[in-house]
Every structure is written in structure tokens, then in C-alpha cells.
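Below is one structure, written out as C-alpha cells; comments come after it.
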Amino acid sequence: MAEADDDENTSPPYFSPDVVLEILVRLPPSARRRCRFVCRSWREAVDTHTTEMQSRAKPLVATTGLAYVVDDLSPPARSRLLWKDGVAHREEGTSVVGTCNGLICLCDNRESGGAITLINPATQEALAIPPLPCAPGTDACCWHETYSFAYHPTTGRYNVVHVPCYYDSARVFRSVQVFTLGEASWRDVVTPPAAICNRSAGVVSVDGATYWVVNGTKKILRVDLGDERVTSVQPIPSVPSGCSSSWHLMEVHGKLGIAFAQSSHVPDSNTEVLTTTRLH
């Protein structure tokens with residue numbers, strides 16, 4: 001549902017603001033978030049009279065075997081251990097794909113295609129996702145590098161996305177594959193030729209879309225998880241002065257961005273500073 005321009009809907013409303021508000025507050029939170037995109041007055045009603053848009057998200061730190069929520073970033077930072085040694089972390093080879101709204105997506109690289117599991121660290125529930133259709137193999141791969149975990153805000157759907165990639169002659173993926181939570185199987189998305197990802201550049205999901213860089217180029221592709229259409233966006237910019245050629249996609253203030261590695265000026269230090277730029 002496209003967001004209406006502020007100049008639209010200038011005709012008298014069918015219902016008074018009080019009636020609209022009474023309707024909106026009775027909707028579930030996911031439906032209210034979608035209603036924000038109808039017009040300016042509905043957006044203001046949801047933002048000012050409901051709580052889901054007023055609460056501040058807290059950082060969730062997830063690593064192999066552990067998950068913390070950071071309640072306060074001010075020194076001294078306060079955090080709570082939410083989960084430790086869950087079912088999917090008991091053996092080596094598991095990497096974090098991403099997090100959405102407190103859920104953690106994990107990939108077991110020892111399984112062909114990567115075994116995907118979703119974890120709710122608050123309840124310690126785990127959900128195994130059906131295997132990605134691919135050729136069998138026993139060798140370990142960095143499967144997590146080609147997955148992303150995404151939430152589409154207007155549909156309320158959670159998606160695990162696998163982008164086109166190359167591992168060996170038996171395991172070449174030339175199309176985007178999407179698994180939507182609640183469905184039974186993966187589905188292919190129509191993908192243009194020459195879409196194999198640069199695995200070292202990262203795969204990032206932002207605001208209902210997943211982005212990756214085409215291998216050997218500076219071209220960025222985007223799959224919109226609403227209409228499931230693959231398009232290209234602006235290419236990678238030139239490397240800023242003082243930065244190395246190392247870079248990867250990331251989220252910057254809620255938008256797609258890129259991080260360039262910059263060597264530290266501190267003597268006897270191997271620390272790298274990331275210079276970030278918003279792209280889209």
C-alpha cells in the first residue's frame with residue numbers, strides 16, 4: 001500500500017476524527033502500522049494515540065550461543081541475558097544470519113544449503129525452516145553469507161531470503177529464493193541474468209527489501225519482498241579518501257548504506273574504523 005502524499009485527501013472525511021480513532025485503536029498492532037500509510041491524518045492518529053509507534057526499540061546483541069538485550073546504552077551500559085546455549089547452538093558451525101523484532105535467524109553451515117532455524121530468545125522457542133532445495137554435499141561452506149532475514153512492515157510477513165550465489169559447479173543458485181514464515185516451502189523469484197552475489201560484500205535487508213552486490217561489479221540488486229520484483233539501485237560509490245578497498249553493505253539509520261574500512265591512526269593498533277555512507 002503506497003503512502004499518500006500530504007497534499008492528498010483534502011476532501012471532507014467520511015468519518016469524524018474521533019470515529020476514525022475509535023476504529024484504529026481496536027485494530028491489532030500490525031494492522032495499525034499498515035493503516036499509517038493510508039493518509040496523513042491516519043498516520044498522525046496512530047502515532048499520537050497508540051503505543052507501538054512510541055516505544056523505542058532496544059538493541060539485541062546475538063552471537064553464537066548467546067543473546068542479550070541492551071536496556072541502556074549510557075555508561076555504564078546495562079544488558080540482560082535473554083538466552084544461552086539454545087538448541088541450534090549446541091554444536092559448532094552455526095552463524096547468525098540476522099535479527100528482526102527480537103527474533104534471531106541462524107544458519108548451520110555444516111548442512112548442505114545451510115540449515116536455517118528461527119529462535120525467539122525471550123521464550124526459547126525454535127522453529128526449523130525447510131531445507132533450501134540444492135544439490136547434496138558434505139563439505140562445510142559459509143552458507144550464512146548468502147542468506148538474509150527480513151520483515152516486511154506493510155504485510156507483516158517474516159521472510160528468509162537466499163540470494164543467487166556460486167559455491168561450486170554442483171551448487172550454483174541463479175535466482176532469488178524466499179521462504180515466508182507460515183508457508184510450507186521456498187519459492188523462486190524471477191531474477192535477471194548475471195545476478196550472482198559478491199559474498200564478501202554482505203547481504204542486507206532494510207525496510208522490506210533485500211540488497212546484494214553482483215560479483216565482479218559495483219552493481220547493487222534489490223528484491224522488494226512486497227511484490228517480489230528484482231531491480232537495480234545506484235552502484236557502489238568511489239572509495240573515500242583514507243579508506244581501504246574493503247567495504248560491505250549495511251544498514252545506516254534505517255536505510256541501505258555501505259561501510260568502508262579505514263585504518264586506525266593509533267600506534268601499534270590493528271583497529272579499523274568504519275566510514276559509513278547511505279546509499280538508498
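Just so we're on the same page: first chain in the C-alpha cells is A, next is B, and so on; residues restart at 1 for each chain, and ligands are numbered from 1 in the order they show up.
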Considering only alpha helix (DSSP H) as DSSP defines it on the backbone, what residues of segment 35-202 of chain A qualify? List them as a JSON list (two decimals) with N, CA, C and O atoms, in the first residue's frame.
[["chain", "number", "residue", "atom", "x", "y", "z"],
["A", 35, "CYS", "N", -2.12, 0.82, 8.47],
["A", 35, "CYS", "CA", -3.05, 1.93, 8.29],
["A", 35, "CYS", "C", -2.34, 3.28, 8.30],
["A", 35, "CYS", "O", -2.89, 4.28, 7.79],
["A", 40, "ARG", "N", -2.25, 11.20, 5.78],
["A", 40, "ARG", "CA", -1.56, 11.90, 6.86],
["A", 40, "ARG", "C", -2.34, 11.86, 8.16],
["A", 40, "ARG", "O", -1.77, 11.68, 9.25],
["A", 41, "SER", "N", -3.67, 12.05, 8.10],
["A", 41, "SER", "CA", -4.46, 12.09, 9.34],
["A", 41, "SER", "C", -4.45, 10.74, 10.05],
["A", 41, "SER", "O", -4.39, 10.68, 11.28],
["A", 42, "TRP", "N", -4.48, 9.64, 9.29],
["A", 42, "TRP", "CA", -4.42, 8.32, 9.92],
["A", 42, "TRP", "C", -3.05, 8.09, 10.53],
["A", 42, "TRP", "O", -2.92, 7.51, 11.60],
["A", 43, "ARG", "N", -2.01, 8.53, 9.84],
["A", 43, "ARG", "CA", -0.66, 8.37, 10.37],
["A", 43, "ARG", "C", -0.52, 9.12, 11.70],
["A", 43, "ARG", "O", 0.05, 8.60, 12.67],
["A", 44, "GLU", "N", -1.03, 10.34, 11.75],
["A", 44, "GLU", "CA", -0.94, 11.13, 12.98],
["A", 44, "GLU", "C", -1.75, 10.49, 14.10],
["A", 44, "GLU", "O", -1.34, 10.51, 15.27],
["A", 45, "ALA", "N", -2.91, 9.90, 13.75],
["A", 45, "ALA", "CA", -3.75, 9.27, 14.77],
["A", 45, "ALA", "C", -3.04, 8.07, 15.39],
["A", 45, "ALA", "O", -3.03, 7.89, 16.62],
["A", 46, "VAL", "N", -2.41, 7.25, 14.55],
["A", 46, "VAL", "CA", -1.70, 6.08, 15.06],
["A", 46, "VAL", "C", -0.49, 6.51, 15.88],
["A", 46, "VAL", "O", -0.21, 5.98, 16.96],
["A", 47, "ASP", "N", 0.26, 7.51, 15.38],
["A", 47, "ASP", "CA", 1.49, 7.93, 16.05],
["A", 47, "ASP", "C", 1.22, 8.57, 17.41],
["A", 47, "ASP", "O", 2.02, 8.43, 18.34],
["A", 48, "THR", "N", 0.13, 9.29, 17.54],
["A", 48, "THR", "CA", -0.11, 10.06, 18.77],
["A", 48, "THR", "C", -1.04, 9.38, 19.77],
["A", 48, "THR", "O", -1.03, 9.74, 20.95],
["A", 49, "HIS", "N", -1.80, 8.38, 19.33],
["A", 49, "HIS", "CA", -2.80, 7.79, 20.23],
["A", 49, "HIS", "C", -2.61, 6.30, 20.47],
["A", 49, "HIS", "O", -3.43, 5.66, 21.13]]
(request) Pull the strand (DSSP E or B) assignments for segment 68-178 of chain A out of DSSP run on the backbone, and list those residues as an MDAnalysis selection string. (result) chainID A and resid 68:72 78:84 94:100 103:108 115:120 125:128 147:152 157:162 165:168 171:173 176:178
(message) Could you list, as a PyMOL selection string, every residue within 8 Å of segment 208-223 of chain A, counting only C-alpha atoms and ignoring same-chain residues fewer than 5 positions away?
(response) chain A and resi 148+150-153+161+163+194-199+201-203+228-236+249
Could you please take those selected residues and save N, CA and C atoms as a PDB file, in the first residue's frame?
ATOM      1  N   SER A 148      19.541 -13.822   4.203  1.00  0.00           N
ATOM      2  CA  SER A 148      19.151 -12.644   4.977  1.00  0.00           C
ATOM      3  C   SER A 148      17.795 -12.924   5.607  1.00  0.00           C
ATOM      4  N   ALA A 150      14.351 -10.964   6.891  1.00  0.00           N
ATOM      5  CA  ALA A 150      13.706  -9.679   6.630  1.00  0.00           C
ATOM      6  C   ALA A 150      12.265  -9.659   7.128  1.00  0.00           C
ATOM      7  N   TYR A 151      11.844  -8.482   7.560  1.00  0.00           N
ATOM      8  CA  TYR A 151      10.447  -8.239   7.944  1.00  0.00           C
ATOM      9  C   TYR A 151       9.872  -7.196   7.002  1.00  0.00           C
ATOM     10  N   HIS A 152       8.708  -7.493   6.423  1.00  0.00           N
ATOM     11  CA  HIS A 152       8.058  -6.536   5.527  1.00  0.00           C
ATOM     12  C   HIS A 152       6.998  -5.770   6.319  1.00  0.00           C
ATOM     13  N   PRO A 153       7.183  -4.456   6.554  1.00  0.00           N
ATOM     14  CA  PRO A 153       6.335  -3.731   7.502  1.00  0.00           C
ATOM     15  C   PRO A 153       4.877  -3.603   7.087  1.00  0.00           C
ATOM     16  N   VAL A 161      15.544 -14.977   3.064  1.00  0.00           N
ATOM     17  CA  VAL A 161      15.877 -14.745   1.655  1.00  0.00           C
ATOM     18  C   VAL A 161      17.247 -15.353   1.357  1.00  0.00           C
ATOM     19  N   VAL A 163      20.007 -15.351  -1.749  1.00  0.00           N
ATOM     20  CA  VAL A 163      20.310 -14.641  -2.992  1.00  0.00           C
ATOM     21  C   VAL A 163      21.122 -15.529  -3.924  1.00  0.00           C
ATOM     22  N   ALA A 194      23.056 -12.848 -14.645  1.00  0.00           N
ATOM     23  CA  ALA A 194      24.252 -12.243 -14.035  1.00  0.00           C
ATOM     24  C   ALA A 194      23.909 -11.572 -12.715  1.00  0.00           C
ATOM     25  N   ALA A 195      23.297 -12.345 -11.816  1.00  0.00           N
ATOM     26  CA  ALA A 195      22.918 -11.803 -10.512  1.00  0.00           C
ATOM     27  C   ALA A 195      23.667 -12.458  -9.364  1.00  0.00           C
ATOM     28  N   ILE A 196      24.680 -13.274  -9.656  1.00  0.00           N
ATOM     29  CA  ILE A 196      25.454 -13.964  -8.613  1.00  0.00           C
ATOM     30  C   ILE A 196      26.049 -12.932  -7.663  1.00  0.00           C
ATOM     31  N   CYS A 197      25.908 -13.165  -6.360  1.00  0.00           N
ATOM     32  CA  CYS A 197      26.313 -12.168  -5.373  1.00  0.00           C
ATOM     33  C   CYS A 197      27.800 -12.219  -5.071  1.00  0.00           C
ATOM     34  N   ASN A 198      28.312 -11.084  -4.645  1.00  0.00           N
ATOM     35  CA  ASN A 198      29.648 -10.985  -4.058  1.00  0.00           C
ATOM     36  C   ASN A 198      29.480 -11.288  -2.579  1.00  0.00           C
ATOM     37  N   ARG A 199      29.848 -12.501  -2.169  1.00  0.00           N
ATOM     38  CA  ARG A 199      29.571 -12.932  -0.796  1.00  0.00           C
ATOM     39  C   ARG A 199      30.287 -12.077   0.240  1.00  0.00           C
ATOM     40  N   ALA A 201      30.699  -8.963   0.187  1.00  0.00           N
ATOM     41  CA  ALA A 201      30.098  -7.632   0.294  1.00  0.00           C
ATOM     42  C   ALA A 201      28.881  -7.610   1.215  1.00  0.00           C
ATOM     43  N   GLY A 202      28.390  -8.775   1.580  1.00  0.00           N
ATOM     44  CA  GLY A 202      27.266  -8.835   2.506  1.00  0.00           C
ATOM     45  C   GLY A 202      25.910  -8.794   1.820  1.00  0.00           C
ATOM     46  N   VAL A 203      24.908  -9.299   2.530  1.00  0.00           N
ATOM     47  CA  VAL A 203      23.512  -9.257   2.103  1.00  0.00           C
ATOM     48  C   VAL A 203      22.737  -8.543   3.207  1.00  0.00           C
ATOM     49  N   GLU A 228       7.875  -8.843  -4.761  1.00  0.00           N
ATOM     50  CA  GLU A 228       8.881  -9.827  -5.145  1.00  0.00           C
ATOM     51  C   GLU A 228       9.386  -9.567  -6.566  1.00  0.00           C
ATOM     52  N   ARG A 229       9.863  -8.347  -6.761  1.00  0.00           N
ATOM     53  CA  ARG A 229      10.431  -7.936  -8.035  1.00  0.00           C
ATOM     54  C   ARG A 229      11.872  -7.508  -7.809  1.00  0.00           C
ATOM     55  N   VAL A 230      12.785  -7.986  -8.665  1.00  0.00           N
ATOM     56  CA  VAL A 230      14.205  -7.662  -8.544  1.00  0.00           C
ATOM     57  C   VAL A 230      14.528  -6.481  -9.452  1.00  0.00           C
ATOM     58  N   THR A 231      15.141  -5.444  -8.880  1.00  0.00           N
ATOM     59  CA  THR A 231      15.560  -4.268  -9.630  1.00  0.00           C
ATOM     60  C   THR A 231      16.968  -3.881  -9.186  1.00  0.00           C
ATOM     61  N   SER A 232      17.590  -2.955  -9.908  1.00  0.00           N
ATOM     62  CA  SER A 232      18.912  -2.458  -9.541  1.00  0.00           C
ATOM     63  C   SER A 232      18.789  -1.081  -8.917  1.00  0.00           C
ATOM     64  N   VAL A 233      19.735  -0.743  -8.055  1.00  0.00           N
ATOM     65  CA  VAL A 233      19.778   0.575  -7.435  1.00  0.00           C
ATOM     66  C   VAL A 233      21.141   1.185  -7.770  1.00  0.00           C
ATOM     67  N   GLN A 234      21.405   2.375  -7.226  1.00  0.00           N
ATOM     68  CA  GLN A 234      22.649   3.054  -7.554  1.00  0.00           C
ATOM     69  C   GLN A 234      23.848   2.192  -7.212  1.00  0.00           C
ATOM     70  N   PRO A 235      24.913   2.258  -8.030  1.00  0.00           N
ATOM     71  CA  PRO A 235      26.089   1.402  -7.789  1.00  0.00           C
ATOM     72  C   PRO A 235      26.900   1.868  -6.587  1.00  0.00           C
ATOM     73  N   ILE A 236      27.856   1.048  -6.186  1.00  0.00           N
ATOM     74  CA  ILE A 236      28.757   1.381  -5.092  1.00  0.00           C
ATOM     75  C   ILE A 236      29.530   2.658  -5.445  1.00  0.00           C
ATOM     76  N   LEU A 249      28.023  -3.938   2.517  1.00  0.00           N
ATOM     77  CA  LEU A 249      26.714  -3.327   2.710  1.00  0.00           C
ATOM     78  C   LEU A 249      26.305  -3.431   4.166  1.00  0.00           C
TER      79      LEU A 249
END
(message) Please compute the atom CA of Gly182 of chain A-atom CA of His144 of chain A distance, one decimal, in Å.
(response)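 Atom CA of His144 of chain A lies at a distance of 21.4 Å from atom CA of Gly182 of chain A.
Atom pair atom CA of Cys134 of chain A / atom CA of Gly114 of chain A: separated by 10.0 Å.
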(message) One number please: atom CA of Arg34 of chain A to atom CA of Val190 of chain A, in Å, one decimal.
(response) 26.5 Å
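Of the listed residues A:Arg174, A:Val19, A:Met250, A:Gly226, the one whose atoms come nearest to Pro192 of chain A is A:Arg174, with distances taken using only C-alpha atoms.
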Restrict the calculation to only C-alpha atoms, then for each residue of segment 129-178 of chain A with any atom at most 10 Å from an atom of segment 89-108 of chain A give the closest atom pair and their distance in Å to one decimal, rows by chain and rising residue number, as a Markdown table.
| residue | atom | partner | partner_atom | distance |
| --- | --- | --- | --- | --- |
| A:Ile129 | CA | A:Cys105 | CA | 9.9 |
| A:Ala140 | CA | A:Gly93 | CA | 8.3 |
| A:Cys141 | CA | A:Gly93 | CA | 9.4 |
| A:Cys142 | CA | A:Ser95 | CA | 8.8 |
| A:Trp143 | CA | A:Cys107 | CA | 7.2 |
| A:His144 | CA | A:Cys107 | CA | 5.6 |
| A:Glu145 | CA | A:Val97 | CA | 7.6 |
| A:Thr146 | CA | A:Val97 | CA | 8.8 |
| A:Tyr147 | CA | A:Val97 | CA | 6.4 |
| A:Ser148 | CA | A:Val97 | CA | 5.8 |
| A:Phe149 | CA | A:Gly98 | CA | 5.4 |
| A:Ala150 | CA | A:Cys100 | CA | 6.6 |
| A:Tyr151 | CA | A:Cys100 | CA | 6.4 |
| A:Tyr158 | CA | A:Cys100 | CA | 8.2 |
| A:Asn159 | CA | A:Cys100 | CA | 9.9 |
| A:Val160 | CA | A:Cys105 | CA | 8.3 |
Using C-alpha atoms, can you export the residues from the last selection as a PDB file, in the first residue's frame?
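Generated output (out.pdb):
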ATOM      1  CA  ILE A 129      12.837 -23.907   8.298  1.00  0.00           C
ATOM      2  CA  ALA A 140      31.257 -27.111   5.109  1.00  0.00           C
ATOM      3  CA  CYS A 141      30.508 -23.806   3.378  1.00  0.00           C
ATOM      4  CA  CYS A 142      29.823 -20.274   4.515  1.00  0.00           C
ATOM      5  CA  TRP A 143      26.148 -20.641   3.655  1.00  0.00           C
ATOM      6  CA  HIS A 144      25.148 -17.865   6.052  1.00  0.00           C
ATOM      7  CA  GLU A 145      26.820 -15.310   3.763  1.00  0.00           C
ATOM      8  CA  THR A 146      24.076 -15.718   1.153  1.00  0.00           C
ATOM      9  CA  TYR A 147      21.048 -15.544   3.457  1.00  0.00           C
ATOM     10  CA  SER A 148      19.151 -12.644   4.977  1.00  0.00           C
ATOM     11  CA  PHE A 149      16.262 -12.379   7.432  1.00  0.00           C
ATOM     12  CA  ALA A 150      13.706  -9.679   6.630  1.00  0.00           C
ATOM     13  CA  TYR A 151      10.447  -8.239   7.944  1.00  0.00           C
ATOM     14  CA  TYR A 158       8.809 -12.503   8.014  1.00  0.00           C
ATOM     15  CA  ASN A 159      10.967 -13.788   5.171  1.00  0.00           C
ATOM     16  CA  VAL A 160      14.176 -15.763   4.910  1.00  0.00           C
TER      17      VAL A 160
END
(request) Could you tell me which of A:Ala170, A:Val20, A:Val178, A:Pro59 comes closest to Asp71 of chain A if we count only C-alpha atoms? (result)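 Closest candidate: A:Pro59.
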(message) Just checking: using only C-alpha atoms, which residue out of A:Gly113, A:Ala31, A:Val69, A:Leu225 ends up closest to Tyr166 of chain A?
(response)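 Under the stated criterion, the closest residue is A:Gly113.
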(message) Set the distance at 8 Å and use only C-alpha atoms: which residues neighbour Val206 of chain A once local chain neighbours fewer than 6 positions away are removed? I'd like the list as a PyMOL selection string.
(response) chain A and resi 150+251+254-256
Store the residues picked out above in a file with all heavy atoms, as a compact mmCIF listing (two decimals), in the first residue's frame.
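Saved file selection_2.txt follows:
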# COMPACT_ATOMS: atom_id res chain seq x y z
N ALA A 150 14.35 -10.96 6.89
CA ALA A 150 13.71 -9.68 6.63
C ALA A 150 12.27 -9.66 7.13
O ALA A 150 11.56 -10.67 7.09
CB ALA A 150 13.73 -9.37 5.13
N GLU A 251 23.10 -1.58 7.19
CA GLU A 251 22.01 -0.65 7.44
C GLU A 251 22.56 0.58 8.14
O GLU A 251 23.28 0.47 9.13
CB GLU A 251 20.93 -1.30 8.31
CG GLU A 251 19.74 -0.40 8.59
CD GLU A 251 18.67 -1.08 9.41
OE1 GLU A 251 18.73 -2.32 9.54
OE2 GLU A 251 17.78 -0.38 9.93
N GLY A 254 18.45 3.16 9.34
CA GLY A 254 17.22 2.66 8.74
C GLY A 254 17.20 2.63 7.24
O GLY A 254 16.16 2.32 6.63
N LYS A 255 18.33 2.92 6.58
CA LYS A 255 18.42 2.90 5.13
C LYS A 255 19.60 2.05 4.71
O LYS A 255 20.49 1.74 5.50
CB LYS A 255 18.59 4.32 4.57
CG LYS A 255 17.43 5.26 4.89
CD LYS A 255 16.15 4.83 4.21
CE LYS A 255 15.03 5.82 4.48
NZ LYS A 255 13.76 5.42 3.82
N LEU A 256 19.62 1.68 3.41
CA LEU A 256 20.75 0.93 2.89
C LEU A 256 21.99 1.82 2.91
O LEU A 256 21.94 2.99 2.55
CB LEU A 256 20.47 0.48 1.46
CG LEU A 256 21.64 -0.23 0.75
CD1 LEU A 256 21.93 -1.57 1.41
CD2 LEU A 256 21.34 -0.40 -0.73
(message) Could you list, as an MDAnalysis selection string, every residue within 12 Å of Ser79 of chain A, counting only C-alpha atoms and ignoring same-chain residues fewer than 4 positions away?
(response) chainID A and resid 58:61 67:75
(message) Residues near Pro28 of chain A, anyone? I mean within 12 Å using only C-alpha atoms, not counting same-chain ones fewer than 4 positions away, as a ChimeraX atom specification.
(response) /A:23-24,32-35,46,50-52,156
Could you save the residues just selected, with N, CA, C and O atoms, as a PDB file, in the first residue's frame?
ATOM      1  N   ILE A  23     -11.886   3.411  15.622  1.00  0.00           N
ATOM      2  CA  ILE A  23     -11.691   2.232  14.777  1.00  0.00           C
ATOM      3  C   ILE A  23     -10.241   1.767  14.835  1.00  0.00           C
ATOM      4  O   ILE A  23      -9.946   0.575  15.001  1.00  0.00           O
ATOM      5  N   LEU A  24      -9.320   2.726  14.730  1.00  0.00           N
ATOM      6  CA  LEU A  24      -7.908   2.371  14.679  1.00  0.00           C
ATOM      7  C   LEU A  24      -7.416   1.703  15.962  1.00  0.00           C
ATOM      8  O   LEU A  24      -6.629   0.753  15.917  1.00  0.00           O
ATOM      9  N   ARG A  32      -2.607  -1.682  12.472  1.00  0.00           N
ATOM     10  CA  ARG A  32      -2.466  -0.234  12.686  1.00  0.00           C
ATOM     11  C   ARG A  32      -1.235   0.309  11.976  1.00  0.00           C
ATOM     12  O   ARG A  32      -1.264   1.415  11.423  1.00  0.00           O
ATOM     13  N   ARG A  33      -0.148  -0.455  11.984  1.00  0.00           N
ATOM     14  CA  ARG A  33       1.053   0.009  11.284  1.00  0.00           C
ATOM     15  C   ARG A  33       0.789   0.153   9.795  1.00  0.00           C
ATOM     16  O   ARG A  33       1.267   1.100   9.152  1.00  0.00           O
ATOM     17  N   ARG A  34       0.039  -0.754   9.218  1.00  0.00           N
ATOM     18  CA  ARG A  34      -0.288  -0.640   7.794  1.00  0.00           C
ATOM     19  C   ARG A  34      -1.206   0.539   7.530  1.00  0.00           C
ATOM     20  O   ARG A  34      -1.075   1.215   6.505  1.00  0.00           O
ATOM     21  N   CYS A  35      -2.116   0.816   8.467  1.00  0.00           N
ATOM     22  CA  CYS A  35      -3.049   1.932   8.287  1.00  0.00           C
ATOM     23  C   CYS A  35      -2.343   3.282   8.301  1.00  0.00           C
ATOM     24  O   CYS A  35      -2.890   4.277   7.791  1.00  0.00           O
ATOM     25  N   VAL A  46      -2.413   7.253  14.547  1.00  0.00           N
ATOM     26  CA  VAL A  46      -1.699   6.081  15.065  1.00  0.00           C
ATOM     27  C   VAL A  46      -0.489   6.512  15.878  1.00  0.00           C
ATOM     28  O   VAL A  46      -0.213   5.979  16.956  1.00  0.00           O
ATOM     29  N   THR A  50      -1.550   5.711  19.926  1.00  0.00           N
ATOM     30  CA  THR A  50      -1.257   4.311  20.209  1.00  0.00           C
ATOM     31  C   THR A  50       0.188   4.211  20.684  1.00  0.00           C
ATOM     32  O   THR A  50       0.961   5.158  20.543  1.00  0.00           O
ATOM     33  N   THR A  51       0.541   3.055  21.220  1.00  0.00           N
ATOM     34  CA  THR A  51       1.846   2.933  21.866  1.00  0.00           C
ATOM     35  C   THR A  51       2.902   2.275  21.003  1.00  0.00           C
ATOM     36  O   THR A  51       4.093   2.479  21.244  1.00  0.00           O
ATOM     37  N   GLU A  52       2.522   1.499  19.956  1.00  0.00           N
ATOM     38  CA  GLU A  52       3.547   0.740  19.252  1.00  0.00           C
ATOM     39  C   GLU A  52       4.522   1.627  18.488  1.00  0.00           C
ATOM     40  O   GLU A  52       5.683   1.260  18.289  1.00  0.00           O
ATOM     41  N   GLY A 156       3.464  -7.397   7.218  1.00  0.00           N
ATOM     42  CA  GLY A 156       3.672  -8.074   8.494  1.00  0.00           C
ATOM     43  C   GLY A 156       4.286  -9.456   8.352  1.00  0.00           C
ATOM     44  O   GLY A 156       4.259 -10.244   9.293  1.00  0.00           O
TER      45      GLY A 156
END
